[in-house]
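Undergrad: Mind looking over this structure? Questions follow.
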Number of protein chains: 2
Amino acid sequence: MSKQELYIGVDVGGTNIKSGLVTFEGDIVEEKWVDTDVHKGVDDVLDRIGHIIQEFVENTDNKTAVRGVGMGIPGQIDVRNGLLKESPNLPGWDEIHIDEELKKRTGLTVTVDNDANIAALGEYAYGAGRGVTEMFMVTLGTGVGSGLILNGNIYRGATRFAGEFGHMTIEQDGPLCGCGRRGCVEAYVGLNGILRLVKDQLKSGKESVLRKIDPDLITPKDISYAAGNGDRVAIDVFRQVGEYLGIGLGNVVNLLNVEKIVIGGGVSKAGEFILGPARETLFKVALKVCLDVVSVVPATFIDRAGIVGAARLAMLNGK
Amino acid sequence: MSKQELYIGVDVGGTNIKSGLVTFEGDIVEEKWVDTDVHKGVDDVLDRIGHIIQEFVENTDNKTAVRGVGMGIPGQIDVRNGLLKESPNLPGWDEIHIDEELKKRTGLTVTVDNDANIAALGEYAYGAGRGVTEMFMVTLGTGVGSGLILNGNIYRGATRFAGEFGHMTIEQDGPLCGCGRRGCVEAYVGLNGILRLVKDQLKSGKESVLRKIDPDLITPKDISYAAGNGDRVAIDVFRQVGEYLGIGLGNVVNLLNVEKIVIGGGVSKAGEFILGPARETLFKVALKVCLDVVSVVPATFIDRAGIVGAARLAMLNGK
C-alpha cells in the first residue's frame with residue numbers, strides 16, 4: 001500500500017505559532033500550537049519553528065510521508081525567494097530570508113507566503129470558499145486583513161502588496177486610522193474603531209452591561225457576549241461595524257465581481273451581529289449585476305485557516 | 001514572401017462605430033469611422049458593422065491577409081458566447097447574440113468583449129500600459145468606465161461584470177449618482193458631477209469665462225479651454241475632480257497593487273489639470289509600499305484604444 005501523503009502547515013502570528021499535519025483533503029491529523037514569544041528574538045523563534053517541523057517529520061510512521069511544508073507569516077514577503085521584508089506584528093523581523101533559515105535548520109524546503117493570502121487559500125481550498133473561482137477573504141482582528149483569490153489563484157499584485165482592504169477610504173474626512181490616514185475601513189472596523197464606537201454609544205447615556213467594564217479593557221468577546229444577551233449598545237455597535245464593512249465590501253464587489261466573500265478572524269465570532277448589517281449595506285451600495293452572484297459567509301476555519309492554507313500552499317508548490 | 005497579417009478592430013459606441021485594420025504591432029493601417037445611428041435599430045447597425053468588416057476584407061490585396069476580427073461594445077457581454085445582455089448606451093440591444101449575428105452577415109468569427117476591457121487591452125498591448133502585468137485603466141467620459149489587466153490578462157470577474165470603478169463609494173453620504181446611490185466616484189468625476197462642481201463654483205460668485213455659457217450646455221472641452229487660459233473656476237473644478245478620482249485610485253492601488261494607472265476618455269483631455277491633483281491625492285491616501293511601484297499616466301490612444309484593443313483581442317483569440 002502506498003503511504004498517506006501529508007503536508008505540514010505552519011501559521012506564524014504575533015501571539016501563537018499554529019501548526020499541523022494536513023492531508024491532501026484538508027484534514028488536520030495532528031496539531032501543535034506554541035507561543036510565539038517574539039521577545040526571545042528571531043533566531044529563537046526560527047529554532048522553534050524548525051524544531052516543530054522536524055518533530056512532525058520524525059513522528060510520521062511507516063504508513064505516512066511528509067510531502068511538503070508551507071508557512072504563513074504576517075508582513076511583506078517576497079514569495080519568489082522567501083525574503084520577509086518587514087512585519088508590523090513581528091518586531092525585528094526585517095530582511096530575513098525565511099526559507100533559507102528554515103532550510104538550514106530542517107533540511108527541508110519551506111514555501112512561505114503572507115498570512116492573509118494563506119488564510120484565503122485555506123478557505124478557498126477547504127472551507128467556505130470552495131466551488132468558486134473569485135473569492136475575497138476579510139480577516140477581522142486588531143487590524144483588518146484581506147486576501148484575494150482571482151481566477152482560482154492567490155492574487156498578489158505587482159509587488160505582492162495586494163489586499164490592503166483595511167486601508168480603503170470609505171469616508172473622505174472620517175476618523176483617524178492607525179495608518180495616519182482618515183476614513184479607512186479599519187478606522188471603523190478594526191479593534192480601535194470598534195472601541196471608539198462603544199465609547200461613543202456609552203457617552204450618549206444608553207444603558208449597557210458594558211458600563212461595568214473599564215472602557216479601555218473592553219474586548220470584542222465582551223461585546224459579543226453582551227450582544228448575545230440583547231444588550232442594545234453592543235448590538236448597535238456591531239450593526240455600525242457591519243454597515244461600514246458593507247460599504248467596503250460593496251466597493252470590492254463592484255470592482256472585482258467576486259462570488260464569495262468570506263469573513264474570518266477573531267472579531268468575526270460576533271457572527272450575524274456583524275454579517276447581517278454588512279450584507280444589508282452591501283446590497284444597498286453594490287450594483288445588481290454584481291450582487292446576483294455574491295454571498296457573504298463566515299469562515300469555516302475560525303483559527304485554523306492558516307494551518308490548512310499553509311499546507312495547501314506546499315501542495316501547490318508555492319503557486 | 002508571406003503575406004502581412006492584419007486584424008480588424010471594431011469599437012462600437014453610442015455615437016460612433018470606429019474601426020480599423022491593425023498590424024500585429026498595433027499600427028492602424030486603414031481606418032473607418034461612421035455614426036452609430038442607434039435609432040435606426042439593431043439590425044441596421046449590425047448590417048453596417050458587417051458591411052464595414054467585409055469592406056476591410058475585400059480591400060486587402062495580395063500582400064495582406066485578415067487573420068481575425070475583434071469588437072468592443074458597451075454593456076454586459078458574455079465573452080464565452082458573444083451574448084450581449086444589455087447595454088445602457090445602446091437602447092434596445094438586449095439579449096443579442098452579437099457573434100452569431102455578425103457570423104451570419106460576414107461569414108467570419110468575431111470575438112466580442114466589453115468596450116472598457118477592450119480599451120484597457122489596447123493600452124496594455126500597445127500604449128501607456130506596455131511593460132507591466134498589473135494595469136488599471138479608467139475612462140473618463142459621460143460616465144466613468146474602467147478595465148483591469150491582472151497577471152497580464154483582462155480580468156472579468158465571476159460573471160464578467162468586474163470594473164465598476166465608477167460606482168465605488170468614496171463618501172457615504174455624498175451627492176446622488178446616476179445609479180441611484182450616493183457618493184460614488186462617478187457622482188464627482190462623471191460629466192454630471194463635473195457640471196455640478198462648475199455650478200457650485202459659479203454660485204459662489206467667482207469670476208470666470210464659463211459664465212458666458214449657458215450652465216446646462218457647458219462641456220468638458222469648454223472647461224479645459226478655460227483652464228488652459230488660467231480661469232480659476234475651471235482649474236479649481238478640475239482640481240476637485242482630480243482629488244476625488246485620486247481617492248478612488250488609492251483604493252484600487254491598496255487593494256490590487258497595480259503598477260500602472262492609465263487615464264483615458266474624452267474628459268481626460270484636460271490632462272494634468274486633473275492628473276496632477278489625482279496623483280497628489282493618491283499619494284496621500286494609498287500605502288507607501290503600493291505607491292513605490294505605481295504611476296498614473298495619460299492614455300496613449302485618445303480615441304483609438306478600442307480599435308487596437310479589439311484587434312488585439314482577435315489576435316489573442318478572445319483571451
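By convention here, the chains of the C-alpha cells are called A, B, ... in the order presented, each chain's residues are numbered starting at 1, and ligands are numbered starting at 1 in the order presented.
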Quick one: residues within 9 Å of Cys177 of chain A, only C-alpha atoms counted, chain neighbours fewer than 6 positions away excluded, as a short mmCIF file (atom, residue, chain, number, x, y, z; two decimals) with C-alpha atoms, in the first residue's frame?
TA:
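As written to disk, result-v7.cif reads:
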```
data_model
loop_
_atom_site.label_atom_id
_atom_site.label_comp_id
_atom_site.auth_asym_id
_atom_site.auth_seq_id
_atom_site.Cartn_x
_atom_site.Cartn_y
_atom_site.Cartn_z
CA HIS A 167 -6.99 50.98 4.24
CA GLY A 183 -11.85 57.23 6.98
CA CYS A 184 -10.24 53.85 6.19
CA VAL A 185 -12.32 50.70 6.63
CA GLU A 186 -10.03 49.76 9.52
CA ALA A 187 -10.76 53.05 11.29
CA TYR A 188 -14.32 51.77 11.77
CA ASN A 192 -9.72 50.61 17.87
CA GLY A 193 -12.59 51.64 15.62
#
```
Undergrad: Chain B near chain A within 8 Å: what's each residue's closest atom pair and its distance in Å to one decimal, counting only C-alpha atoms, ordered by chain then ascending residue number, as a tab-separated table?
TA:
```
residue	atom	partner	partner_atom	distance
B:Thr133	CA	A:Ala158	CA	7.1
B:Glu134	CA	A:Ala158	CA	5.9
B:Leu150	CA	A:Gly157	CA	7.8
B:Asn151	CA	A:Gly157	CA	7.9
B:Arg156	CA	A:Leu256	CA	7.6
B:Gly157	CA	A:Asn257	CA	4.7
B:Ala158	CA	A:Asn257	CA	5.7
B:Thr159	CA	A:Asn257	CA	6.9
B:Arg160	CA	A:Asn257	CA	7.2
B:Phe161	CA	A:Asn257	CA	5.8
B:Ala162	CA	A:Leu256	CA	4.5
B:Gly163	CA	A:Leu255	CA	4.5
B:Glu164	CA	A:Asn254	CA	4.9
B:Phe165	CA	A:Leu255	CA	5.5
B:His167	CA	A:Asn254	CA	6.9
B:Met168	CA	A:Asn251	CA	4.9
B:Thr169	CA	A:Ile170	CA	6.4
B:Ile170	CA	A:Ile170	CA	4.8
B:Glu171	CA	A:Glu171	CA	4.6
B:Gln172	CA	A:Glu171	CA	6.0
B:Arg181	CA	A:Val285	CA	6.5
B:Ile247	CA	A:Thr169	CA	7.0
B:Gly248	CA	A:Thr169	CA	7.9
B:Gly250	CA	A:Met168	CA	7.5
B:Asn251	CA	A:Met168	CA	4.9
B:Val253	CA	A:Ala162	CA	7.9
B:Asn254	CA	A:Glu164	CA	4.9
B:Leu255	CA	A:Gly163	CA	4.5
B:Leu256	CA	A:Ala162	CA	4.5
B:Asn257	CA	A:Ala162	CA	4.7
B:Val258	CA	A:Ala158	CA	5.7
B:Glu259	CA	A:Ala158	CA	6.1
B:Lys284	CA	A:Arg181	CA	7.8
B:Val285	CA	A:Arg181	CA	6.5
B:Ala286	CA	A:His167	CA	7.7
B:Leu287	CA	A:His167	CA	7.9
B:Val289	CA	A:Phe161	CA	6.9
B:Cys290	CA	A:Phe161	CA	6.4
B:Val293	CA	A:Thr159	CA	7.7
```
Undergrad: After a least-squares superposition on chain B over all sequentially paired C-alpha atoms, what is chain A as a compact mmCIF listing (two decimals) with C-alpha atoms, in the first residue's frame?
TA:
```txt
# COMPACT_ATOMS: atom_id res chain seq x y z
CA MET A 1 7.14 36.44 -49.36
CA SER A 2 4.51 35.69 -46.76
CA LYS A 3 1.54 38.01 -46.56
CA GLN A 4 1.31 40.72 -43.90
CA GLU A 5 -1.13 39.58 -41.22
CA LEU A 6 -3.80 42.10 -40.30
CA TYR A 7 -6.62 42.15 -37.76
CA ILE A 8 -9.88 44.09 -37.89
CA GLY A 9 -10.77 45.99 -34.73
CA VAL A 10 -14.27 47.44 -34.29
CA ASP A 11 -15.22 49.73 -31.42
CA VAL A 12 -18.97 50.28 -31.17
CA GLY A 13 -20.06 53.26 -29.09
CA GLY A 14 -23.31 55.11 -28.56
CA THR A 15 -22.20 57.80 -31.05
CA ASN A 16 -19.62 56.27 -33.43
CA ILE A 17 -18.58 52.94 -34.81
CA LYS A 18 -14.80 53.19 -35.10
CA SER A 19 -12.95 50.52 -36.96
CA GLY A 20 -9.56 49.81 -38.38
CA LEU A 21 -7.16 47.34 -39.94
CA VAL A 22 -4.40 46.76 -37.40
CA THR A 23 -0.99 45.10 -37.68
CA PHE A 24 0.38 42.66 -35.11
CA GLU A 25 2.48 45.56 -33.82
CA GLY A 26 -0.61 47.66 -33.16
CA ASP A 27 -0.36 50.07 -36.07
CA ILE A 28 -3.62 51.12 -37.70
CA VAL A 29 -3.05 50.90 -41.45
CA GLU A 30 -6.58 51.79 -42.49
CA GLU A 31 -9.41 53.33 -40.53
CA LYS A 32 -13.12 53.95 -40.86
CA TRP A 33 -15.48 55.84 -38.56
CA VAL A 34 -19.23 56.03 -39.11
CA ASP A 35 -22.16 57.25 -37.01
CA THR A 36 -23.78 54.54 -34.93
CA ASP A 37 -27.30 55.85 -35.58
CA VAL A 38 -28.73 53.65 -32.85
CA HIS A 39 -32.23 54.93 -33.64
CA LYS A 40 -32.17 53.02 -36.94
CA GLY A 41 -32.45 49.77 -34.99
CA VAL A 42 -30.31 46.79 -34.09
CA ASP A 43 -30.44 45.13 -37.51
CA ASP A 44 -29.45 48.26 -39.35
CA VAL A 45 -26.43 48.83 -37.08
CA LEU A 46 -25.37 45.17 -37.33
CA ASP A 47 -25.73 45.34 -41.15
CA ARG A 48 -23.42 48.33 -41.25
CA ILE A 49 -20.86 46.68 -38.95
CA GLY A 50 -20.98 43.58 -41.17
CA HIS A 51 -20.52 45.75 -44.24
CA ILE A 52 -17.49 47.53 -42.74
CA ILE A 53 -15.87 44.19 -41.91
CA GLN A 54 -16.48 42.85 -45.40
CA GLU A 55 -15.08 46.00 -46.97
CA PHE A 56 -11.88 45.67 -44.97
CA VAL A 57 -11.53 42.05 -46.06
CA GLU A 58 -12.26 42.81 -49.72
CA ASN A 59 -9.79 45.71 -49.79
CA THR A 60 -6.82 43.62 -48.77
CA ASP A 61 -4.48 43.01 -51.69
CA ASN A 62 -2.27 40.06 -52.52
CA LYS A 63 0.27 41.23 -49.93
CA THR A 64 -2.08 41.19 -46.94
CA ALA A 65 -4.40 38.78 -45.17
CA VAL A 66 -7.03 39.39 -42.50
CA ARG A 67 -6.43 36.91 -39.69
CA GLY A 68 -9.17 37.83 -37.26
CA VAL A 69 -11.89 40.26 -36.19
CA GLY A 70 -12.41 41.65 -32.68
CA MET A 71 -15.07 43.99 -31.37
CA GLY A 72 -15.75 46.06 -28.28
CA ILE A 73 -19.27 47.06 -27.33
CA PRO A 74 -20.64 48.89 -24.31
CA GLY A 75 -22.69 46.78 -21.95
CA GLN A 76 -22.69 43.41 -20.31
CA ILE A 77 -21.39 40.79 -22.66
CA ASP A 78 -20.82 37.10 -22.13
CA VAL A 79 -17.45 36.55 -23.78
CA ARG A 80 -17.98 32.80 -23.97
CA ASN A 81 -20.82 33.03 -26.47
CA GLY A 82 -20.93 36.66 -27.60
CA LEU A 83 -24.31 37.29 -25.98
CA LEU A 84 -24.93 40.95 -25.21
CA LYS A 85 -27.23 40.96 -22.17
CA GLU A 86 -28.01 44.67 -22.17
CA SER A 87 -26.35 47.94 -22.95
CA PRO A 88 -27.18 51.27 -21.28
CA ASN A 89 -25.67 53.12 -24.27
CA LEU A 90 -27.38 51.06 -26.96
CA PRO A 91 -31.08 51.13 -26.13
CA GLY A 92 -32.92 48.08 -27.45
CA TRP A 93 -29.79 45.90 -27.62
CA ASP A 94 -30.94 43.29 -25.14
CA GLU A 95 -30.12 39.59 -25.39
CA ILE A 96 -28.46 39.87 -28.79
CA HIS A 97 -26.08 37.13 -29.93
CA ILE A 98 -23.57 39.53 -31.44
CA ASP A 99 -21.16 36.93 -32.76
CA GLU A 100 -23.88 34.83 -34.38
CA GLU A 101 -25.41 37.91 -36.00
CA LEU A 102 -22.07 38.99 -37.43
CA LYS A 103 -21.17 35.47 -38.54
CA LYS A 104 -24.46 35.40 -40.48
CA ARG A 105 -23.56 38.68 -42.17
CA THR A 106 -19.83 38.19 -42.82
CA GLY A 107 -19.10 34.50 -42.59
CA LEU A 108 -16.34 35.39 -40.12
CA THR A 109 -15.92 34.70 -36.42
CA VAL A 110 -15.96 37.97 -34.49
CA THR A 111 -14.58 37.94 -30.96
CA VAL A 112 -16.52 40.36 -28.74
CA ASP A 113 -15.91 41.88 -25.32
CA ASN A 114 -16.97 44.86 -23.24
CA ASP A 115 -15.61 48.18 -24.54
CA ALA A 116 -13.87 49.13 -21.27
CA ASN A 117 -12.00 45.81 -21.25
CA ILE A 118 -11.06 46.32 -24.88
CA ALA A 119 -9.73 49.84 -24.29
CA ALA A 120 -7.65 48.56 -21.36
CA LEU A 121 -6.32 45.74 -23.55
CA GLY A 122 -5.37 48.23 -26.29
CA GLU A 123 -3.42 50.43 -23.87
CA TYR A 124 -1.87 47.37 -22.26
CA ALA A 125 -0.70 45.81 -25.51
CA TYR A 126 0.33 48.91 -27.45
CA GLY A 127 0.03 52.02 -25.34
CA ALA A 128 0.67 53.50 -21.93
CA GLY A 129 0.37 50.13 -20.19
CA ARG A 130 3.17 48.32 -22.01
CA GLY A 131 5.75 46.54 -19.88
CA VAL A 132 3.68 45.91 -16.74
CA THR A 133 1.46 42.98 -15.81
CA GLU A 134 -0.97 44.75 -13.44
CA MET A 135 -2.78 47.70 -14.99
CA PHE A 136 -5.90 49.68 -14.27
CA MET A 137 -7.52 51.84 -16.90
CA VAL A 138 -10.11 54.49 -16.17
CA THR A 139 -12.15 56.06 -18.93
CA LEU A 140 -13.49 59.49 -18.05
CA GLY A 141 -16.50 60.41 -20.13
CA THR A 142 -20.18 60.93 -19.51
CA GLY A 143 -19.80 58.04 -17.09
CA VAL A 144 -16.68 56.57 -15.53
CA GLY A 145 -15.63 53.24 -17.02
CA SER A 146 -12.75 51.02 -16.07
CA GLY A 147 -10.90 47.92 -17.17
CA LEU A 148 -8.46 45.71 -15.29
CA ILE A 149 -5.45 43.82 -16.58
CA LEU A 150 -4.29 41.42 -13.86
CA ASN A 151 -1.45 38.96 -14.32
CA GLY A 152 -1.26 40.18 -17.90
CA ASN A 153 -4.83 39.27 -18.85
CA ILE A 154 -8.18 41.02 -18.93
CA TYR A 155 -9.77 40.41 -15.53
CA ARG A 156 -13.53 39.95 -15.95
CA GLY A 157 -14.70 38.64 -12.58
CA ALA A 158 -17.08 35.82 -11.80
CA THR A 159 -19.80 36.88 -14.22
CA ARG A 160 -17.89 39.42 -16.33
CA PHE A 161 -19.10 42.49 -14.46
CA ALA A 162 -15.78 43.46 -12.89
CA GLY A 163 -14.55 47.02 -13.28
CA GLU A 164 -17.41 49.08 -11.88
CA PHE A 165 -14.96 51.60 -10.47
CA GLY A 166 -17.38 54.44 -11.24
CA HIS A 167 -19.69 53.18 -8.53
CA MET A 168 -17.12 52.86 -5.79
CA THR A 169 -18.37 54.67 -2.67
CA ILE A 170 -15.84 57.26 -1.52
CA GLU A 171 -18.17 59.34 0.66
CA GLN A 172 -20.97 57.61 2.46
CA ASP A 173 -23.44 60.51 2.32
CA GLY A 174 -22.06 62.19 -0.78
CA PRO A 175 -24.04 63.57 -3.72
CA LEU A 176 -26.54 61.42 -5.59
CA CYS A 177 -25.13 59.37 -8.47
CA GLY A 178 -26.95 58.38 -11.66
CA CYS A 179 -27.05 54.82 -10.30
CA GLY A 180 -29.30 55.95 -7.44
CA ARG A 181 -26.64 55.59 -4.75
CA ARG A 182 -24.66 58.30 -3.00
CA GLY A 183 -21.02 59.34 -3.02
CA CYS A 184 -19.85 57.16 -5.93
CA VAL A 185 -16.69 58.16 -7.80
CA GLU A 186 -18.90 58.91 -10.82
CA ALA A 187 -21.02 61.33 -8.79
CA TYR A 188 -17.94 63.57 -8.63
CA VAL A 189 -15.91 62.61 -11.68
CA GLY A 190 -18.61 61.80 -14.24
CA LEU A 191 -19.95 64.55 -16.50
CA ASN A 192 -22.89 65.45 -14.26
CA GLY A 193 -20.59 65.56 -11.25
CA ILE A 194 -18.24 67.94 -13.04
CA LEU A 195 -21.11 70.20 -14.11
CA ARG A 196 -22.38 70.26 -10.51
CA LEU A 197 -18.94 71.37 -9.33
CA VAL A 198 -18.91 74.12 -11.98
CA LYS A 199 -22.33 75.38 -10.89
CA ASP A 200 -21.27 75.33 -7.22
CA GLN A 201 -18.19 77.38 -8.05
CA LEU A 202 -20.15 79.86 -10.17
CA LYS A 203 -22.79 80.25 -7.46
CA SER A 204 -20.04 81.33 -5.06
CA GLY A 205 -19.66 84.45 -7.18
CA LYS A 206 -16.16 83.84 -8.56
CA GLU A 207 -15.27 85.42 -11.88
CA SER A 208 -14.98 83.02 -14.81
CA VAL A 209 -15.28 82.95 -18.58
CA LEU A 210 -17.61 80.00 -18.05
CA ARG A 211 -20.29 82.50 -16.99
CA LYS A 212 -20.71 83.36 -20.66
CA ILE A 213 -22.05 79.87 -21.42
CA ASP A 214 -25.50 78.52 -20.51
CA PRO A 215 -24.63 76.45 -17.39
CA ASP A 216 -26.56 73.47 -18.76
CA LEU A 217 -24.58 73.49 -21.99
CA ILE A 218 -21.03 73.73 -20.58
CA THR A 219 -18.83 70.89 -21.86
CA PRO A 220 -15.57 69.44 -20.49
CA LYS A 221 -13.95 70.96 -23.60
CA ASP A 222 -15.13 74.43 -22.51
CA ILE A 223 -13.70 73.87 -19.04
CA SER A 224 -10.41 72.59 -20.48
CA TYR A 225 -10.18 75.63 -22.70
CA ALA A 226 -10.88 77.96 -19.79
CA ALA A 227 -8.38 76.13 -17.56
CA GLY A 228 -5.75 76.40 -20.29
CA ASN A 229 -6.31 80.17 -20.22
CA GLY A 230 -5.82 80.35 -16.47
CA ASP A 231 -9.49 80.52 -15.46
CA ARG A 232 -9.53 79.88 -11.68
CA VAL A 233 -12.99 78.34 -11.59
CA ALA A 234 -12.11 75.87 -14.33
CA ILE A 235 -8.78 74.99 -12.71
CA ASP A 236 -10.42 74.54 -9.30
CA VAL A 237 -13.13 72.31 -10.73
CA PHE A 238 -10.57 70.04 -12.39
CA ARG A 239 -8.54 70.00 -9.17
CA GLN A 240 -11.59 68.80 -7.26
CA VAL A 241 -12.32 66.20 -9.94
CA GLY A 242 -8.71 65.01 -9.69
CA GLU A 243 -8.84 64.81 -5.91
CA TYR A 244 -11.98 62.68 -5.90
CA LEU A 245 -10.53 60.50 -8.65
CA GLY A 246 -7.35 60.15 -6.55
CA ILE A 247 -9.29 58.78 -3.58
CA GLY A 248 -10.85 56.11 -5.75
CA LEU A 249 -7.49 55.28 -7.34
CA GLY A 250 -5.94 54.99 -3.87
CA ASN A 251 -8.49 52.32 -3.01
CA VAL A 252 -7.67 50.39 -6.17
CA VAL A 253 -3.93 50.69 -5.55
CA ASN A 254 -4.25 49.47 -1.94
CA LEU A 255 -6.45 46.57 -2.94
CA LEU A 256 -4.73 45.43 -6.14
CA ASN A 257 -1.16 46.74 -6.04
CA VAL A 258 -1.28 47.69 -9.72
CA GLU A 259 1.79 49.19 -11.40
CA LYS A 260 0.18 51.43 -13.94
CA ILE A 261 -2.97 53.50 -13.93
CA VAL A 262 -3.94 54.73 -17.39
CA ILE A 263 -6.44 57.58 -17.66
CA GLY A 264 -8.31 57.90 -20.94
CA GLY A 265 -11.65 59.08 -22.29
CA GLY A 266 -12.78 62.47 -23.55
CA VAL A 267 -12.65 64.25 -20.19
CA SER A 268 -9.04 63.10 -19.72
CA LYS A 269 -8.05 65.57 -22.44
CA ALA A 270 -7.90 68.05 -19.53
CA GLY A 271 -4.62 66.27 -18.85
CA GLU A 272 -2.52 67.46 -15.93
CA PHE A 273 -5.30 69.74 -14.69
CA ILE A 274 -6.93 66.50 -13.49
CA LEU A 275 -3.99 64.08 -13.37
CA GLY A 276 -1.80 66.31 -11.19
CA PRO A 277 -4.28 66.60 -8.29
CA ALA A 278 -5.25 62.92 -8.78
CA ARG A 279 -1.63 61.88 -8.24
CA GLU A 280 -1.23 64.19 -5.22
CA THR A 281 -4.31 62.72 -3.57
CA LEU A 282 -3.37 59.16 -4.48
CA PHE A 283 -0.04 59.70 -2.74
CA LYS A 284 -1.87 60.90 0.35
CA VAL A 285 -4.36 58.05 0.59
CA ALA A 286 -2.50 54.95 -0.60
CA LEU A 287 0.08 52.96 1.34
CA LYS A 288 3.74 53.61 0.69
CA VAL A 289 4.56 50.02 -0.28
CA CYS A 290 1.94 50.19 -3.02
CA LEU A 291 2.90 53.71 -4.12
CA ASP A 292 6.53 52.75 -4.66
CA VAL A 293 5.67 50.98 -7.88
CA VAL A 294 2.66 52.79 -9.30
CA SER A 295 2.43 55.56 -11.86
CA VAL A 296 -0.58 57.46 -13.20
CA VAL A 297 -0.27 58.26 -16.89
CA PRO A 298 -2.50 59.54 -19.68
CA ALA A 299 -3.73 57.04 -22.25
CA THR A 300 -1.73 56.79 -25.46
CA PHE A 301 -4.71 56.30 -27.73
CA ILE A 302 -7.14 59.10 -27.07
CA ASP A 303 -9.94 57.79 -29.30
CA ARG A 304 -8.41 54.65 -30.76
CA ALA A 305 -7.69 52.37 -27.80
CA GLY A 306 -10.86 50.48 -28.69
CA ILE A 307 -9.77 49.82 -32.27
CA VAL A 308 -6.33 48.45 -31.40
CA GLY A 309 -7.71 46.67 -28.32
CA ALA A 310 -10.38 44.92 -30.37
CA ALA A 311 -7.78 43.87 -32.93
CA ARG A 312 -5.58 42.61 -30.09
CA LEU A 313 -8.49 40.56 -28.72
CA ALA A 314 -8.75 38.87 -32.10
CA MET A 315 -5.01 38.10 -32.02
CA LEU A 316 -5.39 36.60 -28.54
CA ASN A 317 -8.40 34.66 -29.74
CA GLY A 318 -10.70 36.11 -27.12
CA LYS A 319 -8.44 35.69 -24.09
```
Undergrad: Please return, as JSON, numbers by chain, all residues of segment 72-188 of chain B that DSSP assigns to helix (DSSP H, G or I) on the basis of the backbone.
TA: {"B": [98, 99, 100, 101, 102, 103, 104, 105, 106, 115, 116, 117, 118, 119, 120, 121, 122, 123, 124, 125, 126, 165, 166, 167, 186, 187, 188]}
